[in-house]
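K.L.:
Encoded as structure tokens, here's the structure I'll be asking about.
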Amino acid sequence: KYDLTWQIKDDNDFYFYERNWRLNEFFKEKGTVLDVACGSGTVGVWLQKRGFEVVGLDISETALNLAKRKGLSNVILQDVERRLPFGKETFDYVFCGDILEHLFSPARLIEEAWRVLVPGGSLIISVPNMGYWYYRLVYLTKGEVPKTEGLSAEPWNWEHIRFFTQKY
């Protein structure tokens, strides 16, 4: 199903996604970045153009092929729920952009991210805030958890299996 997403999704516009509007605030000093679940490489390519050395990691070969076509030079096919294929203290930044909500064990990925970060490095995480007023309004008026993925599917076919709020 995830590969299908990349066959129909067009995310070429970096600024289309609101999360990306603020990334300049987190990526200040040039360095090495692990882009976990990089998808089609939109963020990784943006970082590369700003002088960062980026490694993109994703479970989808389709997404990684798109990332390569966009110009992301270093990509690795990898299930992010497994041990990351890097030594200790390898990256200045680890970016987990909207991936934790898809994982059975997000804590395992976070532990791995800390392992591969250099001392003083930055772990940058974003997740959909299911406590956001709009999502609560949809739940209140429709009686269902809002679909945040953009793909129409029954709840048991959603890609999101974890839900987060501003507090958790």
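Each chain in the structure tokens gets a letter, A, B and so on, in the order shown; residues start at 1 in every chain, and ligands are counted from 1 in the order they appear.
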Just the residues within 8 Å of Trp46 (chain A), please, counting only C-alpha atoms, with nothing from its chain fewer than 4 positions along; format it as a list in words.
P.N.:
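So, after excluding close chain neighbours, the residues are Phe14, Thr42 and Arg50 of chain A.
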K.L.:
Name the residues in contact with Gln78 (chain A) at a cut-off of 7 Å, using only C-alpha atoms, excluding same-chain residues fewer than 5 positions from it; report them as a PyMOL selection string.
P.N.:
chain A and resi 57-59
K.L.:
Apply DSSP to the structure's backbone, then extract all residues of region 13-144 of chain A labelled strand (DSSP E) and return them as a ChimeraX atom specification.
P.N.:
/A:32-36,53-58,75-77,91-97,117-126
K.L.:
Could you write out that same residue set with N, CA, C and O atoms as a short mmCIF file (atom, residue, chain, number, x, y, z; two decimals), in the first residue's frame?
P.N.:
```
data_model
loop_
_atom_site.label_atom_id
_atom_site.label_comp_id
_atom_site.auth_asym_id
_atom_site.auth_seq_id
_atom_site.Cartn_x
_atom_site.Cartn_y
_atom_site.Cartn_z
N THR A 32 25.73 16.74 8.76
CA THR A 32 25.20 15.51 8.20
C THR A 32 23.79 15.27 8.73
O THR A 32 23.52 15.47 9.91
N VAL A 33 22.90 14.82 7.84
CA VAL A 33 21.50 14.62 8.19
C VAL A 33 21.06 13.22 7.77
O VAL A 33 21.30 12.81 6.64
N LEU A 34 20.42 12.52 8.69
CA LEU A 34 19.72 11.30 8.35
C LEU A 34 18.25 11.65 8.23
O LEU A 34 17.62 12.05 9.21
N ASP A 35 17.70 11.52 7.03
CA ASP A 35 16.29 11.79 6.77
C ASP A 35 15.57 10.45 6.82
O ASP A 35 15.57 9.68 5.85
N VAL A 36 14.98 10.14 7.98
CA VAL A 36 14.33 8.85 8.22
C VAL A 36 12.96 8.85 7.54
O VAL A 36 12.18 9.77 7.73
N GLU A 53 24.89 17.42 4.06
CA GLU A 53 25.15 16.09 3.53
C GLU A 53 24.01 15.20 4.04
O GLU A 53 23.87 15.01 5.25
N VAL A 54 23.20 14.66 3.13
CA VAL A 54 21.96 13.98 3.51
C VAL A 54 22.00 12.51 3.10
O VAL A 54 22.39 12.18 1.99
N VAL A 55 21.55 11.66 4.02
CA VAL A 55 21.28 10.26 3.71
C VAL A 55 19.79 10.05 3.90
O VAL A 55 19.24 10.35 4.96
N GLY A 56 19.11 9.59 2.85
CA GLY A 56 17.68 9.31 2.92
C GLY A 56 17.44 7.83 3.10
O GLY A 56 18.06 7.00 2.43
N LEU A 57 16.55 7.52 4.01
CA LEU A 57 16.23 6.13 4.35
C LEU A 57 14.74 5.93 4.16
O LEU A 57 13.95 6.76 4.62
N ASP A 58 14.32 4.86 3.47
CA ASP A 58 12.89 4.60 3.31
C ASP A 58 12.68 3.13 3.02
O ASP A 58 13.57 2.44 2.52
N VAL A 75 20.70 7.39 -0.93
CA VAL A 75 19.48 6.79 -0.40
C VAL A 75 19.71 5.33 -0.08
O VAL A 75 20.50 4.65 -0.75
N ILE A 76 19.00 4.85 0.96
CA ILE A 76 19.14 3.46 1.39
C ILE A 76 17.75 2.87 1.62
O ILE A 76 16.92 3.47 2.30
N LEU A 77 17.52 1.68 1.06
CA LEU A 77 16.28 0.94 1.27
C LEU A 77 16.40 0.25 2.62
O LEU A 77 17.29 -0.58 2.83
N PHE A 91 25.63 11.10 12.73
CA PHE A 91 24.92 12.24 12.14
C PHE A 91 24.80 13.41 13.10
O PHE A 91 24.62 13.23 14.30
N ASP A 92 24.83 14.62 12.52
CA ASP A 92 24.58 15.84 13.29
C ASP A 92 23.09 16.05 13.54
O ASP A 92 22.70 16.64 14.54
N TYR A 93 22.28 15.58 12.60
CA TYR A 93 20.82 15.71 12.69
C TYR A 93 20.18 14.38 12.30
O TYR A 93 20.65 13.71 11.38
N VAL A 94 19.10 14.05 12.98
CA VAL A 94 18.22 12.98 12.52
C VAL A 94 16.84 13.61 12.40
O VAL A 94 16.32 14.19 13.36
N PHE A 95 16.26 13.53 11.20
CA PHE A 95 14.95 14.10 10.93
C PHE A 95 13.94 12.98 10.76
O PHE A 95 14.07 12.14 9.86
N CYS A 96 12.94 12.96 11.63
CA CYS A 96 11.84 12.00 11.56
C CYS A 96 10.58 12.79 11.25
O CYS A 96 9.83 13.18 12.15
N GLY A 97 10.36 13.06 9.99
CA GLY A 97 9.23 13.88 9.57
C GLY A 97 8.00 13.05 9.29
O GLY A 97 7.91 12.40 8.25
N LEU A 117 23.15 9.77 16.54
CA LEU A 117 23.42 11.20 16.65
C LEU A 117 24.76 11.45 17.34
O LEU A 117 25.08 10.77 18.32
N VAL A 118 25.49 12.44 16.86
CA VAL A 118 26.71 12.85 17.57
C VAL A 118 26.29 13.54 18.86
O VAL A 118 25.17 14.06 18.97
N PRO A 119 27.17 13.57 19.86
CA PRO A 119 26.84 14.31 21.08
C PRO A 119 26.52 15.77 20.73
O PRO A 119 27.24 16.40 19.96
N GLY A 120 25.42 16.26 21.25
CA GLY A 120 24.99 17.62 20.94
C GLY A 120 24.22 17.73 19.63
O GLY A 120 23.81 18.82 19.24
N GLY A 121 24.00 16.59 18.95
CA GLY A 121 23.24 16.60 17.71
C GLY A 121 21.77 16.86 17.97
O GLY A 121 21.31 16.88 19.11
N SER A 122 21.00 17.04 16.90
CA SER A 122 19.58 17.37 17.02
C SER A 122 18.70 16.28 16.43
O SER A 122 18.88 15.89 15.27
N LEU A 123 17.75 15.83 17.24
CA LEU A 123 16.71 14.93 16.76
C LEU A 123 15.48 15.80 16.51
O LEU A 123 14.96 16.44 17.42
N ILE A 124 15.03 15.84 15.26
CA ILE A 124 13.92 16.69 14.86
C ILE A 124 12.77 15.78 14.46
O ILE A 124 12.90 14.97 13.54
N ILE A 125 11.65 15.91 15.18
CA ILE A 125 10.50 15.03 14.98
C ILE A 125 9.26 15.87 14.70
O ILE A 125 9.04 16.88 15.35
N SER A 126 8.46 15.42 13.74
CA SER A 126 7.14 16.02 13.56
C SER A 126 6.13 14.88 13.43
O SER A 126 6.44 13.83 12.86
#
```
K.L.:
Let me make sure I understand: among A:Asp98, A:Val127, A:Val43, A:Phe104, which one has the smallest atom-to-atom distance to Trp21 (chain A) if we use only C-alpha atoms?
P.N.:
A:Val43
